[in-house]
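Heads up: the structure comes next, in structure tokens.
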Protein chains: 4
Amino acid sequence: MSAPKVPLEEIQAFAVRGACNAWLGVRVVAATDTGIELEVPWREEFFGMPDSGTMHGGILAAVVDATAGLSLLAVVGRVGPAIDMRVDFHRPMTRGTLRGVGRVLRAGASITSGEAMLYDESGRLVASGRCVFFTAIRES
Amino acid sequence: MSAPKVPLEEIQAFAVRGACNAWLGVRVVAATDTGIELEVPWREEFFGMPDSGTMHGGILAAVVDATAGLSLLAVVGRVGPAIDMRVDFHRPMTRGTLRGVGRVLRAGASITSGEAMLYDESGRLVASGRCVFFTAIRES
Amino acid sequence: MSAPKVPLEEIQAFAVRGACNAWLGVRVVAATDTGIELEVPWREEFFGMPDSGTMHGGILAAVVDATAGLSLLAVVGRVGPAIDMRVDFHRPMTRGTLRGVGRVLRAGASITSGEAMLYDESGRLVASGRCVFFTAIRES
Amino acid sequence: MSAPKVPLEEIQAFAVRGACNAWLGVRVVAATDTGIELEVPWREEFFGMPDSGTMHGGILAAVVDATAGLSLLAVVGRVGPAIDMRVDFHRPMTRGTLRGVGRVLRAGASITSGEAMLYDESGRLVASGRCVFFTAIRES
């Protein structure tokens, strides 16, 4: 693995200039030419279904989006609007820091797809997913 | 359309007992035997990519999840953990109240799928998606 | 509903000039400015898991693709390569003619999303799904 | 990697007892405790859009389904009905043998998710996707 197209510090700065990623508490902890790794510490607002003690699926989706999107920045050097997203929920995520590992599956001229695997503090896969981004330099 | 399995007031109370839906500001405004309708007023934390002036994809995903999940409550009378989710981003969502219209596509013995269409204040479709839920009464 | 951008006969002719749609036996039976409707008669090669007596998920996926893609032709007047597809399997499809009802969810400058609902001969929803197509006139 | 739960020869025999997989020409060429690898030689019926010279998305979807489903047999020792599927189309697949590499992402008590990566003869990723299967021993 080689250096990312954009240095880790710039990816982190970009991430938290976005209000939602700042609220999520996104911390980019690694960046290479294949993708990024980030951490999201727990917030009480993350709880989903009442009394379940587990994270809302939408928060997991938001972290999939952030992990895949910031991986584009590392690999392609720019981001673009997401066209769609898919998330698989593998296990309940309970209170604790979430770790996202992202990579770019395929960077095309117009369309780039990214993948994110999300792990709990014990390293178990809790969710994973993909986003497809529109990355044409000029939109037709 | 007939009455929902669970009355609107109970669906709303259930929704906001969940910390994330409470933070999102979910307001269930209609419920029938086919699904529910909800509103999510704008929050500054919803902004996504820096300087884009648009909503984070993860917030749209969270509202798809809430809209589809609460539709289950109206149609099936109970909820269950989500197995997976898919979201299509049709247009940028800018500052304003988001409206979600949900319905159950198919309620099976073990698996139930729900759909959500999300509209901006002008009634334009900004995102839409589906969630699949595990709704077996007893998990094997 | 008004007339389709491309007449039904031309959509049908286009469909079966493709070897796979011809093999599937695609018959476009309706076309409007919102989408198309098609039928696929049973073939013995459609059986999926051994001894299950049900249709292979890949055939259902192929019919989702054909239904959504040909709806583009009716609504937008042209097709484009698919970026991705998602299929929900709601019920086992047994021997019989499959009916696909397609519509365009959103036609954008570069990206167009289509939906397909697949019914068995009794009118029950057996599968449904979405395809996202790249429809920019000139690929960047 | 260790031995699969079901030996390669039995997985192959199971695969082609299904009429659709037999028609596709599925050849399982490797099986371990993480998944399987298969090949699908070209057929003229695989051509998709007229004059495009490329494979129909539904055939790619069918191969994703077969690759993910047969991986379950290797890893879990049994298969189950698919709940849903998602396919990303990364590059056009032209005439040639398709190679599918499958793995199980997560095997749960009731729900198992599998992934498939599809490569052309030059080893380029042409499509990839996921299937979620219902794998409870007894359906509730």
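Here, A, B, ... name the chains of the structure tokens in the order displayed, residue numbers run from 1 inside each chain, and ligands are numbered from 1 in the same displayed order.
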Legend entry - strand (DSSP E) per DSSP on the backbone: members of chain C, as JSON, numbers by chain: {"C": [27, 28, 29, 30, 31, 36, 37, 38, 39, 40, 82, 83, 84, 85, 86, 87, 88, 89, 98, 99, 100, 101, 102, 103, 104, 105, 106, 107, 111, 112, 113, 114, 115, 116, 117, 118, 119, 125, 126, 127, 128, 129, 130, 131, 132, 133, 134]}
For the residues selected in the previous step, produce a file with N, CA and C atoms as a compact mmCIF listing (two decimals), in the first residue's frame.
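Output file part-v3.txt follows:
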```
# COMPACT_ATOMS: atom_id res chain seq x y z
N ARG C 27 -42.02 -10.64 -23.79
CA ARG C 27 -43.11 -10.09 -24.62
C ARG C 27 -43.60 -8.80 -23.97
N VAL C 28 -43.29 -7.68 -24.58
CA VAL C 28 -43.77 -6.41 -24.05
C VAL C 28 -45.24 -6.28 -24.40
N VAL C 29 -46.09 -6.12 -23.39
CA VAL C 29 -47.54 -6.13 -23.63
C VAL C 29 -48.20 -4.77 -23.41
N ALA C 30 -47.47 -3.83 -22.83
CA ALA C 30 -48.01 -2.48 -22.65
C ALA C 30 -46.86 -1.50 -22.51
N ALA C 31 -47.07 -0.28 -22.97
CA ALA C 31 -46.06 0.77 -22.82
C ALA C 31 -46.76 2.11 -22.74
N ILE C 36 -43.32 0.23 -18.74
CA ILE C 36 -43.83 -0.84 -19.60
C ILE C 36 -44.32 -2.01 -18.74
N GLU C 37 -44.98 -2.92 -19.40
CA GLU C 37 -45.41 -4.16 -18.79
C GLU C 37 -44.98 -5.28 -19.73
N LEU C 38 -44.46 -6.37 -19.19
CA LEU C 38 -44.02 -7.47 -20.06
C LEU C 38 -44.40 -8.81 -19.45
N GLU C 39 -44.33 -9.84 -20.28
CA GLU C 39 -44.59 -11.20 -19.82
C GLU C 39 -43.43 -12.10 -20.22
N VAL C 40 -43.16 -13.06 -19.38
CA VAL C 40 -42.12 -14.06 -19.65
C VAL C 40 -42.73 -15.44 -19.39
N ALA C 82 -26.50 -0.47 -17.13
CA ALA C 82 -26.90 -0.51 -15.72
C ALA C 82 -25.66 -0.32 -14.84
N ILE C 83 -25.82 0.49 -13.81
CA ILE C 83 -24.76 0.69 -12.81
C ILE C 83 -24.90 -0.35 -11.71
N ASP C 84 -26.12 -0.55 -11.25
CA ASP C 84 -26.34 -1.58 -10.25
C ASP C 84 -27.79 -2.01 -10.24
N MET C 85 -28.06 -3.07 -9.51
CA MET C 85 -29.41 -3.66 -9.44
C MET C 85 -29.62 -4.23 -8.03
N ARG C 86 -30.85 -4.19 -7.59
CA ARG C 86 -31.22 -4.83 -6.32
C ARG C 86 -32.54 -5.56 -6.52
N VAL C 87 -32.62 -6.75 -5.98
CA VAL C 87 -33.83 -7.56 -6.13
C VAL C 87 -34.26 -8.10 -4.77
N ASP C 88 -35.53 -7.94 -4.46
CA ASP C 88 -36.11 -8.58 -3.28
C ASP C 88 -36.93 -9.77 -3.74
N PHE C 89 -36.70 -10.92 -3.10
CA PHE C 89 -37.46 -12.13 -3.42
C PHE C 89 -38.56 -12.28 -2.38
N LEU C 98 -44.56 -15.21 -15.89
CA LEU C 98 -44.17 -14.12 -15.00
C LEU C 98 -44.59 -12.81 -15.66
N ARG C 99 -45.14 -11.89 -14.88
CA ARG C 99 -45.53 -10.59 -15.43
C ARG C 99 -44.73 -9.51 -14.73
N GLY C 100 -44.08 -8.66 -15.50
CA GLY C 100 -43.29 -7.57 -14.94
C GLY C 100 -43.91 -6.22 -15.24
N VAL C 101 -44.02 -5.40 -14.20
CA VAL C 101 -44.55 -4.05 -14.36
C VAL C 101 -43.45 -3.08 -13.95
N GLY C 102 -43.05 -2.24 -14.90
CA GLY C 102 -41.92 -1.35 -14.64
C GLY C 102 -42.30 0.11 -14.70
N ARG C 103 -41.55 0.91 -13.97
CA ARG C 103 -41.73 2.37 -14.06
C ARG C 103 -40.40 3.04 -13.78
N VAL C 104 -40.28 4.26 -14.23
CA VAL C 104 -39.09 5.06 -13.96
C VAL C 104 -39.35 5.86 -12.69
N LEU C 105 -38.45 5.70 -11.72
CA LEU C 105 -38.61 6.43 -10.46
C LEU C 105 -38.16 7.87 -10.61
N ARG C 106 -37.03 8.04 -11.30
CA ARG C 106 -36.47 9.39 -11.44
C ARG C 106 -35.52 9.36 -12.64
N ALA C 107 -35.76 10.25 -13.58
CA ALA C 107 -34.88 10.38 -14.74
C ALA C 107 -34.06 11.64 -14.58
N ILE C 111 -28.19 10.04 -14.49
CA ILE C 111 -28.54 8.81 -13.78
C ILE C 111 -30.06 8.65 -13.81
N THR C 112 -30.52 7.47 -14.16
CA THR C 112 -31.96 7.20 -14.17
C THR C 112 -32.22 5.91 -13.42
N SER C 113 -33.21 5.93 -12.53
CA SER C 113 -33.52 4.74 -11.75
C SER C 113 -34.88 4.19 -12.15
N GLY C 114 -34.93 2.88 -12.31
CA GLY C 114 -36.16 2.22 -12.68
C GLY C 114 -36.53 1.14 -11.68
N GLU C 115 -37.82 0.87 -11.60
CA GLU C 115 -38.33 -0.11 -10.64
C GLU C 115 -39.12 -1.17 -11.39
N ALA C 116 -39.09 -2.39 -10.89
CA ALA C 116 -39.88 -3.46 -11.50
C ALA C 116 -40.56 -4.28 -10.41
N MET C 117 -41.83 -4.56 -10.61
CA MET C 117 -42.58 -5.44 -9.73
C MET C 117 -42.93 -6.67 -10.56
N LEU C 118 -42.64 -7.86 -10.04
CA LEU C 118 -42.88 -9.10 -10.78
C LEU C 118 -43.98 -9.91 -10.11
N TYR C 119 -44.98 -10.32 -10.90
CA TYR C 119 -46.14 -11.03 -10.37
C TYR C 119 -46.26 -12.40 -11.01
N LEU C 125 -47.24 -10.76 -5.82
CA LEU C 125 -45.91 -10.19 -5.99
C LEU C 125 -44.87 -11.24 -5.61
N VAL C 126 -44.06 -11.68 -6.57
CA VAL C 126 -43.05 -12.70 -6.26
C VAL C 126 -41.66 -12.10 -6.07
N ALA C 127 -41.40 -11.02 -6.75
CA ALA C 127 -40.10 -10.34 -6.60
C ALA C 127 -40.28 -8.90 -7.05
N SER C 128 -39.36 -8.06 -6.61
CA SER C 128 -39.38 -6.67 -7.06
C SER C 128 -37.99 -6.12 -6.91
N GLY C 129 -37.71 -5.05 -7.60
CA GLY C 129 -36.36 -4.53 -7.50
C GLY C 129 -36.17 -3.26 -8.27
N ARG C 130 -34.94 -2.82 -8.27
CA ARG C 130 -34.58 -1.57 -8.91
C ARG C 130 -33.26 -1.70 -9.65
N CYS C 131 -33.15 -0.94 -10.72
CA CYS C 131 -31.90 -0.80 -11.44
C CYS C 131 -31.60 0.68 -11.58
N VAL C 132 -30.32 1.01 -11.50
CA VAL C 132 -29.87 2.38 -11.74
C VAL C 132 -29.05 2.36 -13.03
N PHE C 133 -29.38 3.25 -13.94
CA PHE C 133 -28.74 3.27 -15.26
C PHE C 133 -27.96 4.56 -15.47
N PHE C 134 -26.89 4.46 -16.24
CA PHE C 134 -26.12 5.63 -16.64
C PHE C 134 -26.70 6.11 -17.96
```
Inset, instruction - Excluding C:His56 and any residue of its chain fewer than 3 positions from it, enumerate the residues within 6 Å of it, using only C-alpha atoms, and give them as an MDAnalysis selection string. - result: chainID C and resid 46:48 59
Serialized selection, N, CA and C atoms, as an mmCIF file, in the first residue's frame:
```
data_model
loop_
_atom_site.group_PDB
_atom_site.id
_atom_site.type_symbol
_atom_site.label_atom_id
_atom_site.label_comp_id
_atom_site.auth_asym_id
_atom_site.auth_seq_id
_atom_site.Cartn_x
_atom_site.Cartn_y
_atom_site.Cartn_z
ATOM 1 N N PHE C 46 -35.548 -22.495 -16.260
ATOM 2 C CA PHE C 46 -35.685 -21.463 -15.226
ATOM 3 C C PHE C 46 -35.615 -22.039 -13.813
ATOM 4 N N PHE C 47 -35.729 -23.361 -13.696
ATOM 5 C CA PHE C 47 -35.724 -23.939 -12.345
ATOM 6 C C PHE C 47 -34.402 -23.655 -11.630
ATOM 7 N N GLY C 48 -34.507 -23.310 -10.356
ATOM 8 C CA GLY C 48 -33.329 -22.943 -9.582
ATOM 9 C C GLY C 48 -32.793 -24.097 -8.763
ATOM 10 N N ILE C 59 -32.907 -15.610 -12.791
ATOM 11 C CA ILE C 59 -33.914 -15.364 -13.843
ATOM 12 C C ILE C 59 -34.829 -14.224 -13.400
#
```
Long-range neighbours of D:Gly18 as a PDB file with C-alpha atoms, in the first residue's frame, 12 Å cut-off, only C-alpha atoms, 6 positions minimum in chain:
```pdb
ATOM      1  CA  GLU C  44     -37.680 -25.577 -17.952  1.00  0.00           C
ATOM      2  CA  GLU C  45     -34.236 -23.949 -17.717  1.00  0.00           C
ATOM      3  CA  PHE C  46     -35.685 -21.463 -15.226  1.00  0.00           C
ATOM      4  CA  PHE C  47     -35.724 -23.939 -12.345  1.00  0.00           C
ATOM      5  CA  GLY C  48     -33.329 -22.943  -9.582  1.00  0.00           C
ATOM      6  CA  MET C  49     -32.339 -25.035  -6.587  1.00  0.00           C
ATOM      7  CA  PRO C  50     -32.593 -28.762  -7.274  1.00  0.00           C
ATOM      8  CA  ASP C  51     -35.968 -30.258  -6.340  1.00  0.00           C
ATOM      9  CA  SER C  52     -37.316 -26.876  -5.202  1.00  0.00           C
ATOM     10  CA  GLY C  53     -39.718 -26.469  -8.106  1.00  0.00           C
ATOM     11  CA  THR C  54     -39.030 -22.745  -8.062  1.00  0.00           C
ATOM     12  CA  MET C  55     -37.473 -20.175 -10.356  1.00  0.00           C
ATOM     13  CA  HIS C  56     -33.761 -19.324 -10.121  1.00  0.00           C
ATOM     14  CA  GLY C  57     -33.157 -15.957  -8.493  1.00  0.00           C
TER      15      GLY C  57
ATOM     16  CA  ILE D  11     -21.216 -28.966  -4.570  1.00  0.00           C
ATOM     17  CA  GLN D  12     -20.759 -29.340  -8.338  1.00  0.00           C
ATOM     18  CA  LEU D  24     -25.468 -21.503 -17.322  1.00  0.00           C
ATOM     19  CA  GLY D  25     -22.769 -24.167 -17.433  1.00  0.00           C
ATOM     20  CA  VAL D  26     -21.605 -23.616 -13.857  1.00  0.00           C
ATOM     21  CA  ALA D  66     -24.910 -19.098  -7.887  1.00  0.00           C
ATOM     22  CA  LEU D  70     -22.850 -22.380  -3.472  1.00  0.00           C
TER      23      LEU D  70
END
```
Inset, instruction - Could you check which of C:Ala3, C:Glu10, C:Ala62, C:Thr34 is closest to chain D, using only C-alpha atoms? - result: C:Ala62
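Comparing D:Thr32, D:Val6, D:Phe14, D:Asp120 by their smallest distance to D:His90, the closest is D:Asp120 (using only C-alpha atoms).
Distances here use only C-alpha atoms; by that measure, the residue among A:Ser122, A:Thr97, A:Ser110, A:Ser71 closest to chain D is A:Ser110.
Separating atom CA of C:Gly69 from atom CA of C:Cys20 is a distance of 13.3 Å.
With only C-alpha atoms as the basis for measurement, A:Ala19 is the residue among A:Ala109, A:Leu60, A:Ala19, A:Val76 that approaches chain B most closely.
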Inset, instruction - Using DSSP on the backbone, list every residue of chain C that comes out as helix (DSSP H, G or I), and give them as a VMD selection string. - result: chain C and resid 8 to 17 19 to 24 44 to 46 57 to 75
Could you write out the selected residues, including N, CA and C atoms, as a tab-separated table (two decimals), in the first residue's frame?
```
chain	number	residue	atom	x	y	z
C	8	LEU	N	-44.70	0.73	-28.54
C	8	LEU	CA	-44.62	-0.63	-28.02
C	8	LEU	C	-43.93	-1.58	-28.99
C	9	GLU	N	-44.29	-1.51	-30.27
C	9	GLU	CA	-43.73	-2.46	-31.24
C	9	GLU	C	-42.21	-2.30	-31.34
C	10	GLU	N	-41.76	-1.05	-31.28
C	10	GLU	CA	-40.32	-0.83	-31.37
C	10	GLU	C	-39.61	-1.30	-30.10
C	11	ILE	N	-40.26	-1.11	-28.96
C	11	ILE	CA	-39.66	-1.59	-27.71
C	11	ILE	C	-39.53	-3.11	-27.77
C	12	GLN	N	-40.59	-3.76	-28.22
C	12	GLN	CA	-40.55	-5.23	-28.34
C	12	GLN	C	-39.45	-5.67	-29.31
C	13	ALA	N	-39.37	-5.00	-30.45
C	13	ALA	CA	-38.36	-5.38	-31.44
C	13	ALA	C	-36.95	-5.18	-30.87
C	14	PHE	N	-36.76	-4.06	-30.17
C	14	PHE	CA	-35.47	-3.80	-29.52
C	14	PHE	C	-35.15	-4.89	-28.51
C	15	ALA	N	-36.15	-5.23	-27.70
C	15	ALA	CA	-35.94	-6.22	-26.63
C	15	ALA	C	-35.41	-7.52	-27.20
C	16	VAL	N	-36.08	-8.05	-28.20
C	16	VAL	CA	-35.74	-9.40	-28.63
C	16	VAL	C	-34.58	-9.43	-29.64
C	17	ARG	N	-34.09	-8.26	-30.05
C	17	ARG	CA	-32.82	-8.24	-30.77
C	17	ARG	C	-31.67	-8.55	-29.81
C	19	ALA	N	-29.98	-11.12	-27.38
C	19	ALA	CA	-30.08	-12.59	-27.35
C	19	ALA	C	-30.66	-13.10	-26.03
C	20	CYS	N	-30.30	-12.47	-24.93
C	20	CYS	CA	-30.75	-12.99	-23.64
C	20	CYS	C	-32.25	-12.74	-23.46
C	21	ASN	N	-32.71	-11.52	-23.78
C	21	ASN	CA	-34.15	-11.25	-23.69
C	21	ASN	C	-34.95	-12.12	-24.64
C	22	ALA	N	-34.37	-12.43	-25.82
C	22	ALA	CA	-35.05	-13.34	-26.75
C	22	ALA	C	-35.16	-14.73	-26.14
C	23	TRP	N	-34.07	-15.19	-25.52
C	23	TRP	CA	-34.07	-16.51	-24.88
C	23	TRP	C	-35.08	-16.55	-23.72
C	24	LEU	N	-35.13	-15.44	-22.97
C	24	LEU	CA	-36.10	-15.37	-21.86
C	24	LEU	C	-37.53	-15.40	-22.39
C	44	GLU	N	-38.19	-24.60	-18.92
C	44	GLU	CA	-37.68	-25.58	-17.95
C	44	GLU	C	-36.32	-25.17	-17.40
C	45	GLU	N	-35.56	-24.40	-18.18
C	45	GLU	CA	-34.24	-23.95	-17.72
C	45	GLU	C	-34.33	-22.91	-16.60
C	46	PHE	N	-35.55	-22.49	-16.26
C	46	PHE	CA	-35.69	-21.46	-15.23
C	46	PHE	C	-35.62	-22.04	-13.81
C	57	GLY	N	-33.19	-17.38	-8.80
C	57	GLY	CA	-33.16	-15.96	-8.49
C	57	GLY	C	-32.55	-15.13	-9.61
C	58	GLY	N	-31.63	-15.73	-10.34
C	58	GLY	CA	-30.99	-15.00	-11.45
C	58	GLY	C	-31.95	-14.73	-12.59
C	59	ILE	N	-32.91	-15.61	-12.79
C	59	ILE	CA	-33.91	-15.36	-13.84
C	59	ILE	C	-34.83	-14.22	-13.40
C	60	LEU	N	-35.22	-14.25	-12.14
C	60	LEU	CA	-36.02	-13.13	-11.62
C	60	LEU	C	-35.24	-11.82	-11.76
C	61	ALA	N	-33.96	-11.87	-11.46
C	61	ALA	CA	-33.12	-10.67	-11.60
C	61	ALA	C	-33.05	-10.22	-13.05
C	62	ALA	N	-32.93	-11.17	-13.97
C	62	ALA	CA	-32.87	-10.83	-15.39
C	62	ALA	C	-34.16	-10.16	-15.84
C	63	VAL	N	-35.29	-10.62	-15.29
C	63	VAL	CA	-36.57	-10.03	-15.67
C	63	VAL	C	-36.75	-8.64	-15.02
C	64	VAL	N	-36.25	-8.48	-13.80
C	64	VAL	CA	-36.23	-7.13	-13.19
C	64	VAL	C	-35.43	-6.19	-14.09
C	65	ASP	N	-34.27	-6.62	-14.51
C	65	ASP	CA	-33.39	-5.82	-15.38
C	65	ASP	C	-34.11	-5.46	-16.68
C	66	ALA	N	-34.72	-6.45	-17.33
C	66	ALA	CA	-35.40	-6.21	-18.60
C	66	ALA	C	-36.59	-5.25	-18.42
C	67	THR	N	-37.35	-5.47	-17.35
C	67	THR	CA	-38.53	-4.65	-17.11
C	67	THR	C	-38.15	-3.20	-16.82
C	68	ALA	N	-37.14	-3.02	-15.98
C	68	ALA	CA	-36.71	-1.65	-15.64
C	68	ALA	C	-36.05	-0.99	-16.84
C	69	GLY	N	-35.22	-1.75	-17.55
C	69	GLY	CA	-34.48	-1.18	-18.68
C	69	GLY	C	-35.40	-0.78	-19.83
C	70	LEU	N	-36.36	-1.64	-20.15
C	70	LEU	CA	-37.27	-1.31	-21.25
C	70	LEU	C	-38.22	-0.18	-20.85
C	71	SER	N	-38.46	-0.01	-19.54
C	71	SER	CA	-39.27	1.14	-19.09
C	71	SER	C	-38.55	2.44	-19.41
C	72	LEU	N	-37.24	2.44	-19.33
C	72	LEU	CA	-36.46	3.62	-19.71
C	72	LEU	C	-36.73	4.01	-21.15
C	73	LEU	N	-36.75	3.00	-22.00
C	73	LEU	CA	-36.98	3.26	-23.42
C	73	LEU	C	-38.32	3.96	-23.61
C	74	ALA	N	-39.33	3.50	-22.86
C	74	ALA	CA	-40.67	4.10	-22.97
C	74	ALA	C	-40.72	5.52	-22.41
C	75	VAL	N	-39.99	5.75	-21.33
C	75	VAL	CA	-40.13	7.02	-20.60
C	75	VAL	C	-39.10	8.05	-21.04
```
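The coordinates place atom CA of A:Thr135 at 7.5 Å from atom CA of A:Pro81.
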